[in-house]
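Trainee: What follows is the file run.pdb, containing PDB, C-alpha atoms and all ligand atoms:
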```pdb
ATOM      1  CA  MET A   1     -47.994 -22.506  12.453  1.00  0.00           C
ATOM      2  CA  LYS A   2     -47.501 -22.651   8.673  1.00  0.00           C
ATOM      3  CA  LYS A   3     -47.673 -18.854   8.534  1.00  0.00           C
ATOM      4  CA  VAL A   4     -44.984 -18.539  11.194  1.00  0.00           C
ATOM      5  CA  VAL A   5     -42.679 -20.934   9.316  1.00  0.00           C
ATOM      6  CA  LYS A   6     -43.298 -19.008   6.076  1.00  0.00           C
ATOM      7  CA  LEU A   7     -42.511 -15.715   7.809  1.00  0.00           C
ATOM      8  CA  LEU A   8     -39.332 -17.160   9.336  1.00  0.00           C
ATOM      9  CA  CYS A   9     -38.225 -18.439   5.901  1.00  0.00           C
ATOM     10  CA  LYS A  10     -38.829 -15.010   4.378  1.00  0.00           C
ATOM     11  CA  MET A  11     -36.808 -13.370   7.161  1.00  0.00           C
ATOM     12  CA  LEU A  12     -33.980 -15.856   6.649  1.00  0.00           C
ATOM     13  CA  VAL A  13     -33.886 -15.204   2.894  1.00  0.00           C
ATOM     14  CA  ALA A  14     -33.934 -11.429   3.500  1.00  0.00           C
ATOM     15  CA  ALA A  15     -31.072 -11.739   6.008  1.00  0.00           C
ATOM     16  CA  LEU A  16     -29.043 -13.848   3.560  1.00  0.00           C
ATOM     17  CA  MET A  17     -29.637 -11.330   0.764  1.00  0.00           C
ATOM     18  CA  LEU A  18     -28.543  -8.493   3.052  1.00  0.00           C
ATOM     19  CA  MET A  19     -25.378 -10.403   3.947  1.00  0.00           C
ATOM     20  CA  VAL A  20     -24.538 -11.062   0.287  1.00  0.00           C
ATOM     21  CA  ALA A  21     -25.172  -7.391  -0.562  1.00  0.00           C
ATOM     22  CA  GLY A  22     -22.970  -6.346   2.387  1.00  0.00           C
ATOM     23  CA  VAL A  23     -20.104  -8.580   1.274  1.00  0.00           C
ATOM     24  CA  PHE A  24     -20.391  -7.232  -2.276  1.00  0.00           C
ATOM     25  CA  VAL A  25     -20.371  -3.600  -1.083  1.00  0.00           C
ATOM     26  CA  MET A  26     -17.341  -4.270   1.155  1.00  0.00           C
ATOM     27  CA  TRP A  27     -15.539  -5.969  -1.729  1.00  0.00           C
ATOM     28  CA  PHE A  28     -16.347  -3.153  -4.136  1.00  0.00           C
ATOM     29  CA  LEU A  29     -15.451  -0.341  -1.712  1.00  0.00           C
ATOM     30  CA  PHE A  30     -12.344  -1.818  -0.092  1.00  0.00           C
ATOM     31  CA  PHE A  31     -11.037  -5.258  -1.093  1.00  0.00           C
ATOM     32  CA  ARG A  32     -11.165  -4.475  -4.836  1.00  0.00           C
ATOM     33  CA  ILE A  33      -8.723  -1.559  -4.350  1.00  0.00           C
ATOM     34  CA  ASN A  34      -5.718  -3.843  -4.020  1.00  0.00           C
ATOM     35  CA  THR A  35      -6.643  -5.943  -7.053  1.00  0.00           C
ATOM     36  CA  VAL A  36      -6.617  -3.335  -9.850  1.00  0.00           C
ATOM     37  CA  GLU A  37      -3.975  -1.172 -11.511  1.00  0.00           C
ATOM     38  CA  GLN A  38      -4.654   2.500 -10.816  1.00  0.00           C
ATOM     39  CA  VAL A  39      -4.283   5.182 -13.508  1.00  0.00           C
ATOM     40  CA  PHE A  40      -0.898   6.741 -14.308  1.00  0.00           C
ATOM     41  CA  GLU A  41      -0.619   9.651 -11.841  1.00  0.00           C
ATOM     42  CA  GLU A  42       2.924  10.951 -11.432  1.00  0.00           C
ATOM     43  CA  SER A  43       3.880  13.357  -8.632  1.00  0.00           C
ATOM     44  CA  VAL A  44       7.319  14.965  -8.422  1.00  0.00           C
ATOM     45  CA  TRP A  45       9.206  16.631  -5.551  1.00  0.00           C
ATOM     46  CA  GLU A  46      12.352  18.322  -6.943  1.00  0.00           C
ATOM     47  CA  SER A  47      15.482  18.881  -4.881  1.00  0.00           C
ATOM     48  CA  GLN A  48      18.924  20.401  -5.394  1.00  0.00           C
ATOM     49  CA  GLY A  49      20.525  17.222  -4.027  1.00  0.00           C
ATOM     50  CA  ASN A  50      21.956  14.515  -6.239  1.00  0.00           C
ATOM     51  CA  ARG A  51      19.970  11.535  -4.916  1.00  0.00           C
ATOM     52  CA  ASN A  52      16.778  10.124  -6.405  1.00  0.00           C
ATOM     53  CA  ALA A  53      13.905   8.186  -4.881  1.00  0.00           C
ATOM     54  CA  LEU A  54      11.035   6.354  -6.544  1.00  0.00           C
ATOM     55  CA  ILE A  55       7.824   5.729  -4.601  1.00  0.00           C
ATOM     56  CA  LEU A  56       5.361   3.224  -6.015  1.00  0.00           C
ATOM     57  CA  TYR A  57       2.120   3.113  -4.059  1.00  0.00           C
ATOM     58  CA  GLN A  58      -1.424   1.842  -4.239  1.00  0.00           C
ATOM     59  CA  LYS A  59      -3.921   4.560  -3.313  1.00  0.00           C
ATOM     60  CA  SER A  60      -6.226   3.648  -0.418  1.00  0.00           C
ATOM     61  CA  ARG A  61      -9.966   4.332  -0.142  1.00  0.00           C
ATOM     62  CA  PHE A  62      -9.559   7.435   2.002  1.00  0.00           C
ATOM     63  CA  SER A  63      -6.303   9.300   2.554  1.00  0.00           C
ATOM     64  CA  LEU A  64      -3.929   7.380   4.834  1.00  0.00           C
ATOM     65  CA  THR A  65      -1.690   5.902   2.142  1.00  0.00           C
ATOM     66  CA  GLN A  66      -1.609   9.126   0.110  1.00  0.00           C
ATOM     67  CA  ASN A  67      -0.743  11.168   3.243  1.00  0.00           C
ATOM     68  CA  THR A  68       1.970   8.645   4.098  1.00  0.00           C
ATOM     69  CA  VAL A  69       3.475   9.051   0.628  1.00  0.00           C
ATOM     70  CA  THR A  70       3.419  12.858   0.907  1.00  0.00           C
ATOM     71  CA  CYS A  71       5.004  12.636   4.360  1.00  0.00           C
ATOM     72  CA  MET A  72       7.830  10.407   3.040  1.00  0.00           C
ATOM     73  CA  ALA A  73       8.345  12.483  -0.131  1.00  0.00           C
ATOM     74  CA  GLU A  74       8.601  15.765   1.777  1.00  0.00           C
ATOM     75  CA  ALA A  75      10.984  14.221   4.309  1.00  0.00           C
ATOM     76  CA  LEU A  76      13.152  12.829   1.507  1.00  0.00           C
ATOM     77  CA  GLN A  77      13.121  16.153  -0.329  1.00  0.00           C
ATOM     78  CA  LYS A  78      14.490  17.849   2.826  1.00  0.00           C
ATOM     79  CA  GLU A  79      17.217  15.181   2.881  1.00  0.00           C
ATOM     80  CA  GLY A  80      18.243  16.143  -0.670  1.00  0.00           C
ATOM     81  CA  TYR A  81      16.365  13.516  -2.667  1.00  0.00           C
ATOM     82  CA  SER A  82      14.391  14.274  -5.802  1.00  0.00           C
ATOM     83  CA  VAL A  83      11.296  12.127  -5.545  1.00  0.00           C
ATOM     84  CA  VAL A  84       8.960  10.653  -8.140  1.00  0.00           C
ATOM     85  CA  ALA A  85       5.778   8.903  -7.033  1.00  0.00           C
ATOM     86  CA  ASN A  86       3.290   6.907  -9.055  1.00  0.00           C
ATOM     87  CA  HIS A  87       1.069   3.831  -8.864  1.00  0.00           C
ATOM     88  CA  PRO A  88       2.491   0.402  -9.714  1.00  0.00           C
ATOM     89  CA  ARG A  89       1.542  -0.565 -13.275  1.00  0.00           C
ATOM     90  CA  HIS A  90       2.898  -3.074 -15.776  1.00  0.00           C
ATOM     91  CA  ASP A  91       3.607  -0.265 -18.294  1.00  0.00           C
ATOM     92  CA  LEU A  92       5.650   2.112 -16.109  1.00  0.00           C
ATOM     93  CA  GLN A  93       8.897   3.168 -17.813  1.00  0.00           C
ATOM     94  CA  TYR A  94      10.981   3.996 -14.705  1.00  0.00           C
ATOM     95  CA  GLU A  95      14.432   2.379 -14.604  1.00  0.00           C
ATOM     96  CA  ILE A  96      15.054   1.033 -11.105  1.00  0.00           C
ATOM     97  CA  GLN A  97      18.792   1.607 -11.584  1.00  0.00           C
ATOM     98  CA  ASP A  98      18.182   5.378 -11.880  1.00  0.00           C
ATOM     99  CA  TYR A  99      17.059   5.526  -8.238  1.00  0.00           C
ATOM    100  CA  ASP A 100      19.128   5.278  -5.060  1.00  0.00           C
ATOM    101  CA  LEU A 101      16.033   4.416  -3.054  1.00  0.00           C
ATOM    102  CA  VAL A 102      12.826   2.615  -4.029  1.00  0.00           C
ATOM    103  CA  ILE A 103       9.796   2.705  -1.733  1.00  0.00           C
ATOM    104  CA  LEU A 104       7.010   0.183  -2.235  1.00  0.00           C
ATOM    105  CA  CYS A 105       3.834   1.212  -0.427  1.00  0.00           C
ATOM    106  CA  SER A 106       0.396  -0.341  -0.042  1.00  0.00           C
ATOM    107  CA  PRO A 107      -2.668  -0.320   2.209  1.00  0.00           C
ATOM    108  CA  VAL A 108      -3.920  -3.609   3.694  1.00  0.00           C
ATOM    109  CA  TYR A 109      -7.493  -4.778   3.229  1.00  0.00           C
ATOM    110  CA  GLY A 110      -8.412  -8.149   4.680  1.00  0.00           C
ATOM    111  CA  GLY A 111      -4.758  -9.104   5.127  1.00  0.00           C
ATOM    112  CA  THR A 112      -3.889  -8.539   1.469  1.00  0.00           C
ATOM    113  CA  VAL A 113      -1.670  -5.934  -0.171  1.00  0.00           C
ATOM    114  CA  SER A 114      -1.667  -4.413  -3.653  1.00  0.00           C
ATOM    115  CA  GLN A 115      -1.436  -7.112  -6.321  1.00  0.00           C
ATOM    116  CA  PRO A 116      -0.122  -4.603  -8.922  1.00  0.00           C
ATOM    117  CA  LEU A 117       2.652  -3.713  -6.426  1.00  0.00           C
ATOM    118  CA  LEU A 118       3.532  -7.401  -5.936  1.00  0.00           C
ATOM    119  CA  ASP A 119       3.503  -7.914  -9.723  1.00  0.00           C
ATOM    120  CA  TYR A 120       5.762  -4.904 -10.247  1.00  0.00           C
ATOM    121  CA  ALA A 121       8.174  -5.889  -7.474  1.00  0.00           C
ATOM    122  CA  SER A 122       8.451  -9.505  -8.606  1.00  0.00           C
ATOM    123  CA  SER A 123       9.119  -8.549 -12.237  1.00  0.00           C
ATOM    124  CA  HIS A 124      11.950  -6.054 -11.592  1.00  0.00           C
ATOM    125  CA  ASP A 125      15.557  -6.367 -10.530  1.00  0.00           C
ATOM    126  CA  PHE A 126      16.491  -4.184  -7.554  1.00  0.00           C
ATOM    127  CA  SER A 127      20.235  -4.951  -7.703  1.00  0.00           C
ATOM    128  CA  GLY A 128      22.281  -2.567  -5.611  1.00  0.00           C
ATOM    129  CA  ARG A 129      19.261  -0.492  -4.611  1.00  0.00           C
ATOM    130  CA  LYS A 130      17.945   0.328  -1.158  1.00  0.00           C
ATOM    131  CA  VAL A 131      14.315  -0.781  -0.891  1.00  0.00           C
ATOM    132  CA  VAL A 132      11.844   0.196   1.828  1.00  0.00           C
ATOM    133  CA  VAL A 133       8.416  -1.435   2.049  1.00  0.00           C
ATOM    134  CA  VAL A 134       5.791   0.750   3.736  1.00  0.00           C
ATOM    135  CA  ILE A 135       2.446  -0.756   4.663  1.00  0.00           C
ATOM    136  CA  THR A 136      -0.492   1.297   5.943  1.00  0.00           C
ATOM    137  CA  GLY A 137      -2.930  -0.582   8.161  1.00  0.00           C
ATOM    138  CA  GLU A 138      -4.675  -0.549  11.500  1.00  0.00           C
ATOM    139  CA  ASP A 139      -3.327  -3.836  12.878  1.00  0.00           C
ATOM    140  CA  LEU A 140       0.212  -3.066  14.011  1.00  0.00           C
ATOM    141  CA  SER A 141       0.574  -6.422  15.779  1.00  0.00           C
ATOM    142  CA  THR A 142       1.676  -8.170  12.577  1.00  0.00           C
ATOM    143  CA  ASP A 143       4.309  -7.554   9.923  1.00  0.00           C
ATOM    144  CA  ALA A 144       3.014 -10.324   7.644  1.00  0.00           C
ATOM    145  CA  GLU A 145       2.075  -7.812   4.935  1.00  0.00           C
ATOM    146  CA  ILE A 146       5.586  -6.340   4.955  1.00  0.00           C
ATOM    147  CA  ARG A 147       6.971  -9.832   4.347  1.00  0.00           C
ATOM    148  CA  MET A 148       4.512 -10.428   1.467  1.00  0.00           C
ATOM    149  CA  VAL A 149       6.269  -7.611  -0.388  1.00  0.00           C
ATOM    150  CA  THR A 150       9.877  -8.077   0.806  1.00  0.00           C
ATOM    151  CA  GLU A 151       9.734 -11.754  -0.233  1.00  0.00           C
ATOM    152  CA  VAL A 152       9.218 -10.849  -3.907  1.00  0.00           C
ATOM    153  CA  VAL A 153      11.948  -8.188  -4.046  1.00  0.00           C
ATOM    154  CA  SER A 154      15.026  -9.661  -5.710  1.00  0.00           C
ATOM    155  CA  GLY A 155      18.590  -8.550  -6.408  1.00  0.00           C
ATOM    156  CA  THR A 156      19.231  -6.714  -3.150  1.00  0.00           C
ATOM    157  CA  ASP A 157      19.585  -7.592   0.524  1.00  0.00           C
ATOM    158  CA  ASP A 158      19.045  -3.983   1.500  1.00  0.00           C
ATOM    159  CA  VAL A 159      15.296  -4.357   2.041  1.00  0.00           C
ATOM    160  CA  ASN A 160      13.533  -3.046   5.131  1.00  0.00           C
ATOM    161  CA  GLY A 161       9.925  -2.493   6.019  1.00  0.00           C
ATOM    162  CA  LEU A 162       7.604  -0.669   8.345  1.00  0.00           C
ATOM    163  CA  LYS A 163       3.881  -0.553   8.950  1.00  0.00           C
ATOM    164  CA  THR A 164       1.978   2.510  10.100  1.00  0.00           C
ATOM    165  CA  ASP A 165      -1.536   3.595  10.956  1.00  0.00           C
ATOM    166  CA  ARG A 166      -0.749   7.302  10.672  1.00  0.00           C
ATOM    167  CA  ALA A 167       1.408   9.750   8.732  1.00  0.00           C
ATOM    168  CA  ASP A 168       2.726  11.788  11.636  1.00  0.00           C
ATOM    169  CA  ASP A 169       6.072  12.993  13.033  1.00  0.00           C
ATOM    170  CA  ALA A 170       6.729   9.661  14.760  1.00  0.00           C
ATOM    171  CA  PHE A 171       6.290   7.843  11.430  1.00  0.00           C
ATOM    172  CA  ARG A 172       8.558  10.378   9.664  1.00  0.00           C
ATOM    173  CA  GLN A 173      11.283   9.760  12.262  1.00  0.00           C
ATOM    174  CA  ARG A 174      10.995   5.960  11.952  1.00  0.00           C
ATOM    175  CA  PHE A 175      11.084   6.235   8.173  1.00  0.00           C
ATOM    176  CA  LEU A 176      14.098   8.574   8.115  1.00  0.00           C
ATOM    177  CA  SER A 177      16.062   6.406  10.529  1.00  0.00           C
ATOM    178  CA  MET A 178      15.347   3.430   8.265  1.00  0.00           C
ATOM    179  CA  ILE A 179      16.636   5.093   5.120  1.00  0.00           C
ATOM    180  CA  THR A 180      19.783   6.377   6.796  1.00  0.00           C
ATOM    181  CA  GLU A 181      20.623   2.965   8.355  1.00  0.00           C
TER     182      GLU A 181
HETATM  183  C1  LIG B 201     -12.596  -3.470   5.020  1.00  0.00           C
HETATM  184  C2  LIG B 201     -11.279  -3.149   5.656  1.00  0.00           C
HETATM  185  C3  LIG B 201     -10.359  -4.175   5.897  1.00  0.00           C
HETATM  186  C4  LIG B 201      -9.137  -3.876   6.517  1.00  0.00           C
HETATM  187  N1  LIG B 201      -8.266  -4.874   6.765  1.00  0.00           N
HETATM  188  C5  LIG B 201      -7.105  -4.608   7.404  1.00  0.00           C
HETATM  189  C6  LIG B 201      -6.194  -5.650   7.699  1.00  0.00           C
HETATM  190  O1  LIG B 201      -6.400  -6.827   7.397  1.00  0.00           O
HETATM  191  N2  LIG B 201      -5.037  -5.334   8.344  1.00  0.00           N
HETATM  192  C7  LIG B 201      -4.741  -4.041   8.703  1.00  0.00           C
HETATM  193  O2  LIG B 201      -3.684  -3.809   9.282  1.00  0.00           O
HETATM  194  N3  LIG B 201      -5.590  -3.015   8.404  1.00  0.00           N
HETATM  195  C8  LIG B 201      -6.753  -3.271   7.772  1.00  0.00           C
HETATM  196  N4  LIG B 201      -7.616  -2.258   7.476  1.00  0.00           N
HETATM  197  C9  LIG B 201      -7.205  -0.860   7.732  1.00  0.00           C
HETATM  198  C10 LIG B 201      -6.654  -0.278   6.418  1.00  0.00           C
HETATM  199  O3  LIG B 201      -5.478  -0.926   6.040  1.00  0.00           O
HETATM  200  C11 LIG B 201      -6.356   1.207   6.493  1.00  0.00           C
HETATM  201  O4  LIG B 201      -7.557   1.845   6.765  1.00  0.00           O
HETATM  202  C12 LIG B 201      -5.702   1.581   5.149  1.00  0.00           C
HETATM  203  O5  LIG B 201      -4.321   1.330   5.210  1.00  0.00           O
HETATM  204  C13 LIG B 201      -5.797   2.945   4.646  1.00  0.00           C
HETATM  205  O6  LIG B 201      -6.893   3.488   4.932  1.00  0.00           O
HETATM  206  P1  LIG B 201      -7.721   4.623   4.271  1.00  0.00           P
HETATM  207  O7  LIG B 201      -8.670   3.914   3.375  1.00  0.00           O
HETATM  208  O8  LIG B 201      -8.299   5.219   5.508  1.00  0.00           O
HETATM  209  O9  LIG B 201      -6.857   5.574   3.545  1.00  0.00           O
HETATM  210  C14 LIG B 201      -8.829  -2.527   6.874  1.00  0.00           C
HETATM  211  C15 LIG B 201      -9.754  -1.499   6.599  1.00  0.00           C
HETATM  212  C16 LIG B 201     -10.964  -1.812   6.004  1.00  0.00           C
HETATM  213  C17 LIG B 201     -11.931  -0.690   5.745  1.00  0.00           C
END
```
Have the structure of the file written as structure tokens, please.
Mentor:
Amino acid sequence: MKKVVKLLCKMLVAALMLMVAGVFVMWFLFFRINTVEQVFEESVWESQGNRNALILYQKSRFSLTQNTVTCMAEALQKEGYSVVANHPRHDLQYEIQDYDLVILCSPVYGGTVSQPLLDYASSHDFSGRKVVVVITGEDLSTDAEIRMVTEVVSGTDDVNGLKTDRADDAFRQRFLSMITE
């Protein structure tokens, strides 16, 4: 009987250790992404048009958020916007007033969005600018993450948001109709 109890205790401890390790791995691989500033990594899409757009985005683990940014940038370029994209950081030198359109983009992990993006948005004045919040995530039944970002944008009422689980033609159409509203 004692041996059985000892074995059960060992199995319980092993299961607990596995759970802790699992939580740590999940945190490190996914949840941590939205907590840290990513390195300066500017991408530019030039256009002959006279409008400018700034896209600030947190890179996701795989490629959904990056593909979404490319999809938006290429669509904007065709509409005559010159586009600059980078990751939100406290030391970025972009002047919000130089851009007609600012896009704030983040993946969702465990219901949370990019903290560096929230920090950037809450510490800048978007007066007179059009702002679009784009959230990438699997759960399209809620727009809570859009609101997390729109709530910290100040100085403009022209703030809209959309959430997507893919960077396809349907998303491009929704995005373009939002920026031309
Ligand atoms: C651990 C984990 C947690 C996630 N949590 C959410 C969530 O709370 N809400 C949601 O809409 N999507 C959630 N997703 C889906 C991700 O937001 C989506 O995969 C992400 O936007 C980009 O994915 P990528 O890593 O494939 O590029 C989660 C994905 C993972 C792996």
Trainee: Could you expand the PyMOL selection byres (((not hetatm)) within 7 of (chain B and resi 201)) into the explicit residues it covers here, written as a ChimeraX atom specification?
Mentor: /A:26,30-31,60-65,107-112,136-140,165
Trainee: Please write the residues picked by the PyMOL selection byres (((chain A and resi 78) around 12) and not hetatm) on this file as a VMD selection string.
Mentor: chain A and resid 45 to 49 51 71 to 77 79 to 83 172 176
Trainee: May I have the selected residues written with C-alpha atoms, as an mmCIF file, keeping the file's coordinate frame?
Mentor:
```
data_model
loop_
_atom_site.group_PDB
_atom_site.id
_atom_site.type_symbol
_atom_site.label_atom_id
_atom_site.label_comp_id
_atom_site.auth_asym_id
_atom_site.auth_seq_id
_atom_site.Cartn_x
_atom_site.Cartn_y
_atom_site.Cartn_z
ATOM 1 C CA TRP A 45 9.206 16.631 -5.551
ATOM 2 C CA GLU A 46 12.352 18.322 -6.943
ATOM 3 C CA SER A 47 15.482 18.881 -4.881
ATOM 4 C CA GLN A 48 18.924 20.401 -5.394
ATOM 5 C CA GLY A 49 20.525 17.222 -4.027
ATOM 6 C CA ARG A 51 19.970 11.535 -4.916
ATOM 7 C CA CYS A 71 5.004 12.636 4.360
ATOM 8 C CA MET A 72 7.830 10.407 3.040
ATOM 9 C CA ALA A 73 8.345 12.483 -0.131
ATOM 10 C CA GLU A 74 8.601 15.765 1.777
ATOM 11 C CA ALA A 75 10.984 14.221 4.309
ATOM 12 C CA LEU A 76 13.152 12.829 1.507
ATOM 13 C CA GLN A 77 13.121 16.153 -0.329
ATOM 14 C CA GLU A 79 17.217 15.181 2.881
ATOM 15 C CA GLY A 80 18.243 16.143 -0.670
ATOM 16 C CA TYR A 81 16.365 13.516 -2.667
ATOM 17 C CA SER A 82 14.391 14.274 -5.802
ATOM 18 C CA VAL A 83 11.296 12.127 -5.545
ATOM 19 C CA ARG A 172 8.558 10.378 9.664
ATOM 20 C CA LEU A 176 14.098 8.574 8.115
#
```
Trainee: Rank nothing, just name the residue among A:Thr180, A:Asn34, A:Thr142, A:Ser154 nearest to A:Ala121, using only C-alpha atoms.
Mentor: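 Of A:Thr180, A:Asn34, A:Thr142, A:Ser154, the one nearest A:Ala121, counting only C-alpha atoms, is A:Ser154.
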Trainee: What gap, in Å, lies between atom CA of A:Gln115 and atom CA of A:Leu18?
Mentor: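 Distance reported for this atom pair: 28.7 Å.
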Trainee: Which one of A:Val131, A:Val13, A:Val69, A:Val113 sits closest to A:Arg166 if you count all atoms listed in the file?
Mentor: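 Selected residue with least distance to A:Arg166: A:Val69.
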Trainee: Any chance you could work out the residue set of the PyMOL selection byres (((chain A and resi 156) around 10) and not hetatm) here, as a PyMOL selection string?
Mentor: chain A and resi 125-131+153-155+157-159
Trainee: Limited to C-alpha atoms, could you put the picked residues into a file as a PDB file, keeping the file's coordinate frame?
Mentor:
```pdb
ATOM      1  CA  ASP A 125      15.557  -6.367 -10.530  1.00  0.00           C
ATOM      2  CA  PHE A 126      16.491  -4.184  -7.554  1.00  0.00           C
ATOM      3  CA  SER A 127      20.235  -4.951  -7.703  1.00  0.00           C
ATOM      4  CA  GLY A 128      22.281  -2.567  -5.611  1.00  0.00           C
ATOM      5  CA  ARG A 129      19.261  -0.492  -4.611  1.00  0.00           C
ATOM      6  CA  LYS A 130      17.945   0.328  -1.158  1.00  0.00           C
ATOM      7  CA  VAL A 131      14.315  -0.781  -0.891  1.00  0.00           C
ATOM      8  CA  VAL A 153      11.948  -8.188  -4.046  1.00  0.00           C
ATOM      9  CA  SER A 154      15.026  -9.661  -5.710  1.00  0.00           C
ATOM     10  CA  GLY A 155      18.590  -8.550  -6.408  1.00  0.00           C
ATOM     11  CA  ASP A 157      19.585  -7.592   0.524  1.00  0.00           C
ATOM     12  CA  ASP A 158      19.045  -3.983   1.500  1.00  0.00           C
ATOM     13  CA  VAL A 159      15.296  -4.357   2.041  1.00  0.00           C
TER      14      VAL A 159
END
```
Trainee: So which one's closest to A:Met178, A:Leu118, A:Met19, A:Val132, A:Val84? Using all atoms listed in the file, please.
Mentor: A:Val132
Trainee: Considering all atoms listed in the file, can you say which of A:Ser43, A:Ser106, A:Thr35, A:Asn67 comes closest to A:Lys163?
Mentor: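 The shortest atom-to-atom distance to A:Lys163 comes from A:Ser106.
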